[in-house]
$ cat structure02.txt   # compact mmCIF, C-alpha atoms
# COMPACT_ATOMS: atom_id res chain seq x y z
CA MET X 13 129.68 136.03 142.51
CA TYR X 14 129.08 138.34 139.53
CA LEU X 15 131.20 139.14 136.46
CA ILE X 16 130.56 141.69 133.72
CA ASN X 17 132.96 141.27 130.80
CA SER X 18 135.22 139.24 133.14
CA VAL X 19 135.34 141.99 135.78
CA GLN X 20 134.03 140.99 139.20
CA VAL X 21 131.40 143.36 140.62
CA GLU X 22 129.14 143.56 143.65
CA LYS X 23 125.55 142.38 143.28
CA LYS X 24 124.30 146.00 143.50
CA ASP X 25 126.44 146.82 140.45
CA PHE X 26 125.35 143.76 138.45
CA ILE X 27 122.98 145.82 136.33
CA ILE X 28 121.76 145.58 132.75
CA PRO X 29 120.54 148.90 131.28
CA VAL X 30 117.02 148.83 129.90
CA GLU X 31 118.46 150.14 126.61
CA ASN X 32 120.40 146.87 126.24
CA MET X 33 118.96 144.96 123.28
CA GLY X 34 118.96 141.77 125.33
CA VAL X 35 116.43 143.40 127.66
CA TRP X 36 114.55 145.34 125.05
CA ARG X 37 114.34 142.70 122.30
CA GLY X 38 115.65 139.47 123.84
CA ASP X 39 118.68 139.79 121.54
CA GLY X 40 121.06 137.46 123.32
CA VAL X 41 122.10 133.90 124.08
CA PHE X 42 122.86 132.05 127.28
CA GLU X 43 124.12 128.86 128.90
CA ALA X 44 123.55 127.37 132.36
CA ILE X 45 126.01 124.86 133.82
CA LYS X 46 125.48 122.76 136.93
CA ILE X 47 128.21 122.74 139.59
CA HIS X 48 129.21 119.46 141.26
CA ASP X 49 131.67 119.98 144.13
CA GLY X 50 133.21 122.95 142.36
CA TYR X 51 133.23 121.27 138.94
CA PRO X 52 131.16 122.74 136.05
CA PHE X 53 129.76 119.60 134.40
CA ALA X 54 130.10 119.31 130.61
CA ILE X 55 131.70 122.73 130.30
CA ASP X 56 133.29 122.05 126.90
CA LEU X 57 129.97 120.97 125.36
CA HIS X 58 128.28 124.05 126.81
CA ILE X 59 130.96 126.33 125.38
CA GLU X 60 130.63 124.65 121.98
CA ARG X 61 126.86 125.20 122.01
CA LEU X 62 127.32 128.79 123.17
CA ALA X 63 129.58 129.40 120.16
CA ARG X 64 126.97 127.87 117.82
CA SER X 65 124.25 130.05 119.30
CA CYS X 66 126.42 133.16 118.94
CA SER X 67 127.05 132.33 115.31
CA LYS X 68 123.32 131.92 114.66
CA VAL X 69 122.50 135.38 116.05
CA PHE X 70 125.61 137.10 114.59
CA PHE X 71 127.69 137.77 117.67
CA GLU X 72 131.35 138.21 116.69
CA ASN X 73 134.75 138.61 118.35
CA ILE X 74 133.93 136.62 121.47
CA ASP X 75 136.73 135.05 123.52
CA TYR X 76 135.26 131.67 124.46
CA GLU X 77 138.38 130.60 126.33
CA LYS X 78 138.00 133.63 128.58
CA ILE X 79 134.35 132.78 129.17
CA LYS X 80 135.38 129.23 130.04
CA ASP X 81 137.93 130.57 132.53
CA ASP X 82 135.26 132.79 134.10
CA ILE X 83 132.86 129.86 134.47
CA ILE X 84 135.55 127.71 136.08
CA PHE X 85 136.51 130.60 138.39
CA ILE X 86 132.94 130.91 139.66
CA ALA X 87 132.30 127.17 139.87
CA ASN X 88 135.46 126.57 141.90
CA GLU X 89 134.02 128.79 144.64
CA HIS X 90 130.87 126.71 145.15
CA GLU X 91 129.91 123.14 146.03
CA ASP X 92 126.68 123.14 144.03
CA GLY X 93 124.29 125.40 142.18
CA TYR X 94 124.78 126.79 138.68
CA VAL X 95 126.88 129.18 136.63
CA ARG X 96 124.81 131.20 134.18
CA THR X 97 126.37 133.08 131.26
CA LEU X 98 124.48 135.60 129.16
CA ILE X 99 125.79 137.37 126.08
CA LEU X 100 123.54 140.34 125.33
CA ARG X 101 123.71 142.86 122.52
CA SER X 102 124.36 146.26 124.06
CA GLU X 103 124.30 148.17 120.76
CA GLN X 104 124.12 147.27 117.10
CA ASN X 105 127.67 145.93 116.87
CA SER X 106 128.70 145.36 120.48
CA HIS X 107 127.82 143.04 123.33
CA ASP X 108 128.29 142.49 127.05
CA ILE X 109 128.95 139.20 128.81
CA PHE X 110 127.32 138.53 132.16
CA CYS X 111 128.44 135.55 134.20
CA PHE X 112 127.07 134.77 137.66
CA TYR X 113 126.39 132.14 140.29
CA GLN X 114 122.88 130.86 140.95
CA PRO X 115 122.08 128.83 144.10
CA PRO X 116 120.52 125.35 143.73
CA ILE X 117 116.86 125.31 142.77
CA SER X 118 114.24 123.02 144.25
CA ILE X 119 112.68 120.47 141.89
CA SER X 120 109.18 119.12 142.40
CA GLN X 121 109.05 115.50 143.51
CA GLU X 122 105.57 115.23 141.96
CA PHE X 123 106.42 116.41 138.46
CA SER X 124 103.36 116.81 136.25
CA LEU X 125 103.00 118.15 132.71
CA GLN X 126 100.23 119.70 130.65
CA THR X 127 100.48 119.44 126.85
CA GLN X 128 100.27 122.75 125.00
CA LYS X 129 100.73 123.65 121.34
CA ALA X 130 103.88 125.66 120.61
CA PHE X 131 103.02 127.63 117.48
CA TRP X 132 106.37 129.50 117.40
CA GLN X 133 108.53 126.36 117.22
CA SER X 134 109.44 124.80 113.88
CA GLY X 135 108.05 121.43 114.98
CA GLY X 136 109.71 119.70 112.03
CA ASP X 137 108.13 121.99 109.43
CA TYR X 138 111.52 123.46 108.45
CA ASP X 139 114.74 121.69 107.54
CA LEU X 140 117.52 122.23 110.08
CA GLU X 141 120.11 122.80 107.35
CA SER X 142 118.14 125.50 105.54
CA THR X 143 116.88 127.48 108.54
CA PHE X 144 119.89 129.09 110.16
CA ASN X 145 118.64 129.91 113.66
CA ILE X 146 116.73 126.79 114.72
CA GLY X 147 118.17 125.41 117.94
CA THR X 148 119.59 128.71 119.19
CA LYS X 149 119.74 128.87 123.00
CA SER X 150 118.32 132.35 122.95
CA THR X 151 117.33 134.61 125.83
CA SER X 152 113.99 135.07 124.00
CA TYR X 153 112.17 132.64 126.32
CA GLY X 154 108.98 134.66 126.72
CA MET X 155 106.74 132.20 124.85
CA ASN X 156 108.24 129.21 126.66
CA ILE X 157 107.73 130.71 130.09
CA SER X 158 104.17 131.80 129.33
CA HIS X 159 103.35 128.14 128.72
CA THR X 160 104.94 127.24 132.06
CA ARG X 161 102.77 129.87 133.76
CA ALA X 162 99.62 128.58 132.05
CA ALA X 163 100.37 125.02 133.18
CA GLU X 164 101.02 126.19 136.73
CA GLN X 165 97.66 127.98 136.83
CA ASP X 166 95.99 124.67 135.95
CA GLY X 167 97.79 122.86 138.76
CA PHE X 168 100.66 121.27 136.79
CA THR X 169 104.38 121.60 137.41
CA ASP X 170 105.15 122.64 133.84
CA ALA X 171 104.11 122.44 130.19
CA LEU X 172 104.94 119.87 127.53
CA LEU X 173 105.14 121.49 124.10
CA VAL X 174 103.70 119.86 120.97
CA ASN X 175 103.52 120.83 117.29
CA LYS X 176 100.39 121.32 115.18
CA ASP X 177 100.14 117.57 114.64
CA GLU X 178 100.33 116.95 118.41
CA ILE X 179 103.84 115.44 118.17
CA ILE X 180 105.71 116.03 121.42
CA LEU X 181 108.68 118.38 121.11
CA GLU X 182 110.18 119.34 124.50
CA GLY X 183 109.40 121.27 127.65
CA PRO X 184 109.82 125.04 127.97
CA THR X 185 113.21 124.49 129.67
CA PHE X 186 113.90 120.76 129.36
CA THR X 187 114.10 117.69 127.13
CA PHE X 188 111.38 115.07 127.36
CA GLY X 189 112.06 111.34 127.33
CA TRP X 190 109.93 108.24 127.64
CA ILE X 191 110.34 104.53 128.33
CA ASN X 192 108.65 101.64 126.58
CA ASN X 193 109.53 97.93 126.67
CA ASN X 194 112.70 98.73 128.66
CA LYS X 195 114.00 101.10 125.99
CA ILE X 196 114.62 104.82 126.43
CA TYR X 197 113.40 107.28 123.81
CA VAL X 198 113.92 110.99 123.08
CA PRO X 199 112.46 113.15 120.27
CA ASP X 200 114.68 113.62 117.23
CA LEU X 201 116.42 116.93 116.53
CA LYS X 202 114.74 117.27 113.13
CA LEU X 203 111.70 118.44 115.09
CA GLY X 204 113.65 121.65 115.71
CA ILE X 205 114.10 121.09 119.44
CA LEU X 206 117.14 122.35 121.33
CA ASP X 207 120.25 120.17 121.13
CA SER X 208 120.22 119.68 124.90
CA ILE X 209 123.54 118.79 126.55
CA THR X 210 121.89 116.22 128.84
CA ARG X 211 120.07 114.75 125.83
CA LYS X 212 123.43 114.55 124.05
CA TYR X 213 124.88 112.68 127.03
CA LEU X 214 121.93 110.30 127.15
CA ILE X 215 122.47 109.38 123.49
CA LYS X 216 126.20 108.98 124.23
CA PHE X 217 125.33 106.49 126.99
CA GLY X 218 123.34 104.57 124.39
CA VAL X 219 126.27 104.49 121.96
CA GLU X 220 128.48 103.24 124.80
CA LYS X 221 125.93 100.47 125.56
CA LYS X 222 125.40 101.73 129.09
CA LEU X 223 121.70 102.19 128.26
CA THR X 224 119.42 101.45 125.32
CA VAL X 225 118.55 104.85 123.87
CA LEU X 226 116.68 105.58 120.65
CA GLU X 227 115.40 108.67 118.84
CA ASP X 228 111.74 108.59 117.86
CA ARG X 229 108.51 110.60 117.77
CA ILE X 230 105.47 110.30 119.96
CA LYS X 231 102.04 111.96 119.86
CA ILE X 232 99.72 112.96 122.67
CA SER X 233 97.50 110.02 121.68
CA ASP X 234 100.40 107.62 122.35
CA LEU X 235 101.01 108.77 125.92
CA ASP X 236 98.67 106.23 127.49
CA GLU X 237 100.70 103.39 125.94
CA ILE X 238 104.16 104.21 127.37
CA ASP X 239 105.54 102.71 130.58
CA ALA X 240 107.10 105.84 132.10
CA CYS X 241 108.54 109.25 131.23
CA PHE X 242 111.04 111.79 132.54
CA VAL X 243 112.55 115.22 131.95
CA LEU X 244 116.20 116.13 131.34
CA SER X 245 118.01 119.44 131.72
CA THR X 246 121.03 121.02 133.38
CA ALA X 247 119.09 120.97 136.65
CA LYS X 248 117.20 117.74 136.03
CA HIS X 249 119.18 114.58 135.33
CA ALA X 250 116.16 112.36 134.65
CA VAL X 251 113.37 113.54 136.93
CA PRO X 252 110.38 111.17 136.72
CA VAL X 253 107.07 112.53 135.49
CA PHE X 254 104.09 111.18 137.40
CA LYS X 255 101.32 112.75 135.33
CA ILE X 256 100.71 114.18 131.84
CA ASN X 257 97.29 115.74 131.44
CA GLU X 258 95.10 113.12 133.15
CA ILE X 259 97.38 110.13 132.51
CA GLU X 260 99.33 108.92 135.53
CA TYR X 261 102.63 107.02 135.52
CA SER X 262 104.60 104.97 138.04
CA ASP X 263 108.31 105.39 138.64
CA HIS X 264 110.55 103.05 136.64
CA ASP X 265 113.85 101.35 137.42
CA LEU X 266 115.32 102.64 134.16
CA ILE X 267 114.89 106.24 135.33
CA THR X 268 116.95 105.44 138.42
CA GLU X 269 119.51 103.79 136.15
CA ILE X 270 119.72 106.93 133.99
CA GLN X 271 120.33 109.00 137.13
CA ASN X 272 123.06 106.59 138.26
CA VAL X 273 124.82 106.70 134.89
CA PHE X 274 124.83 110.51 134.99
CA THR X 275 126.25 110.43 138.52
CA GLU X 276 129.05 108.11 137.39
CA GLN X 277 129.77 110.28 134.33
CA ILE X 278 130.12 113.36 136.51
CA ARG X 279 132.41 111.51 138.90
CA THR X 280 134.57 110.32 136.00
CA GLU X 281 134.91 113.77 134.44
CA ARG X 282 135.71 115.43 137.78
CA THR X 283 138.61 113.05 138.44
CA ASN X 284 140.11 113.32 134.94

$ encode --input "structure02.txt" --output "C-alpha cells"
Amino acid sequence: MYLINSVQVEKKDFIIPVENMGVWRGDGVFEAIKIHDGYPFAIDLHIERLARSCSKVFFENIDYEKIKDDIIFIANEHEDGYVRTLILRSEQNSHDIFCFYQPPISISQEFSLQTQKAFWQSGGDYDLESTFNIGTKSTSYGMNISHTRAAEQDGFTDALLVNKDEIILEGPTFTFGWINNNKIYVPDLKLGILDSITRKYLIKFGVEKKLTVLEDRIKISDLDEIDACFVLSTAKHAVPVFKINEIEYSDHDLITEIQNVFTEQIRTERTN
C-alpha cells in the first residue's frame, strides 16, 4: 500500500523524482512504526518525534493528524510489518509526504557488533539546547549505513558507534543497552544520540518499577565487564547481542523480561 500526499497510488507510480531534495541532498525526515495485528505501536510518540524533526529541518504547514490517519489506514490492512513515512523537500519551500507499507524484516539470531568511531555525531561535544538539529530523525543516513556495510564485510551483523573518547553512542539504526548486576542501562541523550521511541519506553518501564533502568555511559574498555547487552529499535524489542568485537556474551533473563514487558505494553495499548 502506497500513499503520496495522502493519495493512494500503485507501486509503479510510487516514484520520487531525482530532482527531489530528499534524494539529491538527503533533505528530509522519516519515521518507521511497527504493526501488531493491525495496530501501529506508539503512534502518538512517533508523530510527536516526527513533528520535532520537521521543526529542526524547517518543514512547515504539515498536517500531522492527516499523517496519523494515513498511518492508521495502512496499518489496519496488515497483521505485521511496518509503516514508513518520509517527508522530503521537493523544492525550496515545498515538500511531499510518502507513506507506505513494508513487510516484516528478518533479524539475525546471532547478533554481533563491531565498534566504529562516528566522527559526524556530536558524541556529547555539543550541548543539546544550543545545537538545534541534534537528534533529528533525518533521511541523511549515508554515514550510518556505511558503517553497517563495513561491519558486515568483517563478518559482523552491524556496527556499534562510539565517539572520539570511545564512549558508546548507539547503532546505525538502533539504541544500545547493557546489563550489569541485574540492572539495565542505556546511554544518556546528552551524548547526542537519537531519542529512540523504544528507549523512551524502556525508561518508562523503569519509572513504573517494571524494570530497573538507568542512564549511564560506557566505553569500549568496559565491555568485558558487563553481563549482557542488547539492541532496541522499532524492529528490535531487545534483541540480545552475542558478540562485540572479540568479546562474547551469554543470553540473560533480563533481556527476556524486557521483551515480555514490551509485549504486554503493546497488548495493553491495542485494547485501550

$ atom_distance --input "structure02.txt" --atom1 "CA of Phe85 in chain X" --atom2 "CA of Gly50 in chain X"
9.2 Å

$ atom_distance --input "structure02.txt" --atom1 "CA of Asp137 in chain X" --atom2 "CA of Arg161 in chain X"
26.1 Å

$ residues_near_point --input "structure02.txt" --point "(121.2, 123.4, 129.6)" --cutoff "8 Å" --atoms "only C-alpha atoms" --output "list in words"
Glu43, Ala44, Ile45, His58, Phe186, Ser208, Ile209, Thr210, Ser245, Thr246 and Ala247 of chain X

$ residues_around --input "structure02.txt" --residues "Val21 in chain X" --least-positions-apart "5" --cutoff "12 Å" --atoms "only C-alpha atoms" --output "ChimeraX atom specification"
/X:13-16,26-27,110-112

$ write_last_selection --input "structure02.txt" --atoms "C-alpha atoms" --output "PDB file, in the coordinates of the input"
ATOM      1  CA  MET X  13     129.680 136.030 142.510  1.00  0.00           C
ATOM      2  CA  TYR X  14     129.080 138.340 139.530  1.00  0.00           C
ATOM      3  CA  LEU X  15     131.200 139.140 136.460  1.00  0.00           C
ATOM      4  CA  ILE X  16     130.560 141.690 133.720  1.00  0.00           C
ATOM      5  CA  PHE X  26     125.350 143.760 138.450  1.00  0.00           C
ATOM      6  CA  ILE X  27     122.980 145.820 136.330  1.00  0.00           C
ATOM      7  CA  PHE X 110     127.320 138.530 132.160  1.00  0.00           C
ATOM      8  CA  CYS X 111     128.440 135.550 134.200  1.00  0.00           C
ATOM      9  CA  PHE X 112     127.070 134.770 137.660  1.00  0.00           C
TER      10      PHE X 112
END

$ atom_distance --input "structure02.txt" --atom1 "CA of Pro52 in chain X" --atom2 "CA of Gln271 in chain X"
17.5 Å

$ closest_residue --input "structure02.txt" --among "X:Gly147, X:Gly204, X:Pro184, X:Gly38" --to "Thr160 in chain X" --atoms "only C-alpha atoms"
X:Pro184

$ closest_residue --input "structure02.txt" --among "X:His107, X:Lys221, X:Lys255, X:Lys129" --to "Phe168 in chain X" --atoms "all atoms listed in the file"
X:Lys255

$ closest_residue --input "structure02.txt" --among "X:Tyr94, X:Gly136, X:Ile259, X:Asn17" --to "Phe53 in chain X" --atoms "all atoms listed in the file"
X:Tyr94

$ closest_residue --input "structure02.txt" --among "X:Glu269, X:Ala240, X:Ile47, X:Tyr261" --to "Leu214 in chain X" --atoms "all atoms listed in the file"
X:Glu269

$ closest_residue --input "structure02.txt" --among "X:Gly167, X:Pro29, X:Gly40, X:Gly189" --to "Ala250 in chain X" --atoms "only C-alpha atoms"
X:Gly189

$ residues_near_point --input "structure02.txt" --point "(131.3, 141.3, 125.5)" --cutoff "12 Å" --atoms "all atoms listed in the file" --output "number ranges by chain"
X: 15-19, 40-41, 66, 71-76, 78-79, 97-103, 105-111

$ residues_around --input "structure02.txt" --residues "Thr187 in chain X" --least-positions-apart "5" --cutoff "12 Å" --atoms "only C-alpha atoms" --output "mmCIF file with C-alpha atoms, in the frame of the given file"
data_model
loop_
_atom_site.group_PDB
_atom_site.id
_atom_site.type_symbol
_atom_site.label_atom_id
_atom_site.label_comp_id
_atom_site.auth_asym_id
_atom_site.auth_seq_id
_atom_site.Cartn_x
_atom_site.Cartn_y
_atom_site.Cartn_z
ATOM 1 C CA ALA X 171 104.110 122.440 130.190
ATOM 2 C CA LEU X 172 104.940 119.870 127.530
ATOM 3 C CA LEU X 173 105.140 121.490 124.100
ATOM 4 C CA ILE X 180 105.710 116.030 121.420
ATOM 5 C CA LEU X 181 108.680 118.380 121.110
ATOM 6 C CA GLU X 182 110.180 119.340 124.500
ATOM 7 C CA TYR X 197 113.400 107.280 123.810
ATOM 8 C CA VAL X 198 113.920 110.990 123.080
ATOM 9 C CA PRO X 199 112.460 113.150 120.270
ATOM 10 C CA ASP X 200 114.680 113.620 117.230
ATOM 11 C CA LEU X 201 116.420 116.930 116.530
ATOM 12 C CA ILE X 205 114.100 121.090 119.440
ATOM 13 C CA LEU X 206 117.140 122.350 121.330
ATOM 14 C CA ASP X 207 120.250 120.170 121.130
ATOM 15 C CA SER X 208 120.220 119.680 124.900
ATOM 16 C CA ILE X 209 123.540 118.790 126.550
ATOM 17 C CA THR X 210 121.890 116.220 128.840
ATOM 18 C CA ARG X 211 120.070 114.750 125.830
ATOM 19 C CA LYS X 212 123.430 114.550 124.050
ATOM 20 C CA TYR X 213 124.880 112.680 127.030
ATOM 21 C CA LEU X 214 121.930 110.300 127.150
ATOM 22 C CA CYS X 241 108.540 109.250 131.230
ATOM 23 C CA PHE X 242 111.040 111.790 132.540
ATOM 24 C CA VAL X 243 112.550 115.220 131.950
ATOM 25 C CA LEU X 244 116.200 116.130 131.340
ATOM 26 C CA SER X 245 118.010 119.440 131.720
ATOM 27 C CA THR X 246 121.030 121.020 133.380
ATOM 28 C CA ALA X 247 119.090 120.970 136.650
ATOM 29 C CA LYS X 248 117.200 117.740 136.030
ATOM 30 C CA HIS X 249 119.180 114.580 135.330
ATOM 31 C CA ALA X 250 116.160 112.360 134.650
ATOM 32 C CA VAL X 251 113.370 113.540 136.930
#

$ residues_around --input "structure02.txt" --residues "Val174 in chain X" --least-positions-apart "2" --cutoff "9 Å" --atoms "all atoms listed in the file" --output "ChimeraX atom specification"
/X:127-131,133,135,172,176-183,231-232

$ write_last_selection --input "structure02.txt" --atoms "C-alpha atoms" --output "PDB file, keeping the file's coordinate frame"
ATOM      1  CA  THR X 127     100.480 119.440 126.850  1.00  0.00           C
ATOM      2  CA  GLN X 128     100.270 122.750 125.000  1.00  0.00           C
ATOM      3  CA  LYS X 129     100.730 123.650 121.340  1.00  0.00           C
ATOM      4  CA  ALA X 130     103.880 125.660 120.610  1.00  0.00           C
ATOM      5  CA  PHE X 131     103.020 127.630 117.480  1.00  0.00           C
ATOM      6  CA  GLN X 133     108.530 126.360 117.220  1.00  0.00           C
ATOM      7  CA  GLY X 135     108.050 121.430 114.980  1.00  0.00           C
ATOM      8  CA  LEU X 172     104.940 119.870 127.530  1.00  0.00           C
ATOM      9  CA  LYS X 176     100.390 121.320 115.180  1.00  0.00           C
ATOM     10  CA  ASP X 177     100.140 117.570 114.640  1.00  0.00           C
ATOM     11  CA  GLU X 178     100.330 116.950 118.410  1.00  0.00           C
ATOM     12  CA  ILE X 179     103.840 115.440 118.170  1.00  0.00           C
ATOM     13  CA  ILE X 180     105.710 116.030 121.420  1.00  0.00           C
ATOM     14  CA  LEU X 181     108.680 118.380 121.110  1.00  0.00           C
ATOM     15  CA  GLU X 182     110.180 119.340 124.500  1.00  0.00           C
ATOM     16  CA  GLY X 183     109.400 121.270 127.650  1.00  0.00           C
ATOM     17  CA  LYS X 231     102.040 111.960 119.860  1.00  0.00           C
ATOM     18  CA  ILE X 232      99.720 112.960 122.670  1.00  0.00           C
TER      19      ILE X 232
END

$ closest_residue --input "structure02.txt" --among "X:Asn193, X:Gln20, X:Ser262, X:Lys222" --to "Gln277 in chain X" --atoms "only C-alpha atoms"
X:Lys222

$ decode --input "structure02.txt" --residues "range 225-252 of chain X" --atoms "N, CA and C atoms" --output "CSV table (one decimal), in the first residue's frame"
chain,number,residue,atom,x,y,z
X,225,VAL,N,16.0,0.5,35.4
X,225,VAL,CA,16.6,1.1,34.2
X,225,VAL,C,17.3,2.4,34.5
X,226,LEU,N,18.5,2.5,34.1
X,226,LEU,CA,19.3,3.7,34.4
X,226,LEU,C,20.0,4.2,33.2
X,227,GLU,N,20.3,5.5,33.2
X,227,GLU,CA,21.1,6.1,32.1
X,227,GLU,C,22.5,6.2,32.6
X,228,ASP,N,23.5,5.9,31.7
X,228,ASP,CA,24.9,5.9,32.1
X,228,ASP,C,25.7,6.0,30.8
X,229,ARG,N,27.0,5.9,31.0
X,229,ARG,CA,27.9,5.9,29.8
X,229,ARG,C,28.9,4.7,30.0
X,230,ILE,N,29.3,4.2,28.9
X,230,ILE,CA,30.2,3.0,28.9
X,230,ILE,C,31.2,3.2,27.8
X,231,LYS,N,32.4,2.8,28.0
X,231,LYS,CA,33.5,2.8,27.0
X,231,LYS,C,33.7,1.4,26.4
X,232,ILE,N,34.4,1.4,25.3
X,232,ILE,CA,34.8,0.1,24.7
X,232,ILE,C,35.6,-0.7,25.8
X,233,SER,N,36.4,-0.1,26.5
X,233,SER,CA,37.3,-0.8,27.5
X,233,SER,C,36.4,-1.4,28.7
X,234,ASP,N,35.2,-1.0,28.8
X,234,ASP,CA,34.3,-1.5,29.9
X,234,ASP,C,33.5,-2.7,29.4
X,235,LEU,N,33.5,-3.0,28.1
X,235,LEU,CA,32.6,-4.0,27.6
X,235,LEU,C,32.9,-5.5,28.1
X,236,ASP,N,34.1,-5.7,28.5
X,236,ASP,CA,34.4,-7.1,29.0
X,236,ASP,C,34.0,-7.2,30.5
X,237,GLU,N,33.4,-6.2,31.1
X,237,GLU,CA,33.0,-6.2,32.5
X,237,GLU,C,31.5,-6.3,32.6
X,238,ILE,N,30.7,-6.2,31.5
X,238,ILE,CA,29.2,-6.2,31.6
X,238,ILE,C,28.7,-7.7,31.5
X,239,ASP,N,27.5,-7.9,32.0
X,239,ASP,CA,27.0,-9.2,32.0
X,239,ASP,C,26.3,-9.6,30.6
X,240,ALA,N,25.7,-8.7,30.0
X,240,ALA,CA,25.0,-8.9,28.7
X,240,ALA,C,24.7,-7.6,28.1
X,241,CYS,N,24.2,-7.6,26.8
X,241,CYS,CA,23.8,-6.4,26.1
X,241,CYS,C,22.8,-6.8,25.0
X,242,PHE,N,22.1,-5.7,24.5
X,242,PHE,CA,21.0,-5.9,23.6
X,242,PHE,C,20.9,-4.6,22.8
X,243,VAL,N,20.1,-4.8,21.7
X,243,VAL,CA,19.7,-3.6,20.9
X,243,VAL,C,18.2,-3.4,20.9
X,244,LEU,N,17.8,-2.1,20.7
X,244,LEU,CA,16.4,-1.7,20.7
X,244,LEU,C,16.2,-0.9,19.5
X,245,SER,N,15.0,-1.1,18.8
X,245,SER,CA,14.6,-0.3,17.8
X,245,SER,C,13.1,-0.6,17.5
X,246,THR,N,12.5,0.1,16.5
X,246,THR,CA,11.2,-0.3,16.1
X,246,THR,C,11.0,-1.7,15.7
X,247,ALA,N,12.1,-2.3,15.1
X,247,ALA,CA,12.0,-3.7,14.7
X,247,ALA,C,12.6,-4.6,15.7
X,248,LYS,N,13.3,-4.1,16.7
X,248,LYS,CA,14.0,-4.9,17.6
X,248,LYS,C,13.7,-4.6,19.1
X,249,HIS,N,12.8,-5.3,19.7
X,249,HIS,CA,12.4,-5.0,21.0
X,249,HIS,C,13.3,-5.8,22.0
X,250,ALA,N,14.5,-5.4,22.1
X,250,ALA,CA,15.5,-6.1,23.0
X,250,ALA,C,16.0,-7.4,22.3
X,251,VAL,N,16.8,-7.3,21.3
X,251,VAL,CA,17.5,-8.4,20.7
X,251,VAL,C,18.8,-8.6,21.3
X,252,PRO,N,19.1,-9.8,21.9
X,252,PRO,CA,20.4,-10.0,22.5
X,252,PRO,C,21.6,-9.9,21.6
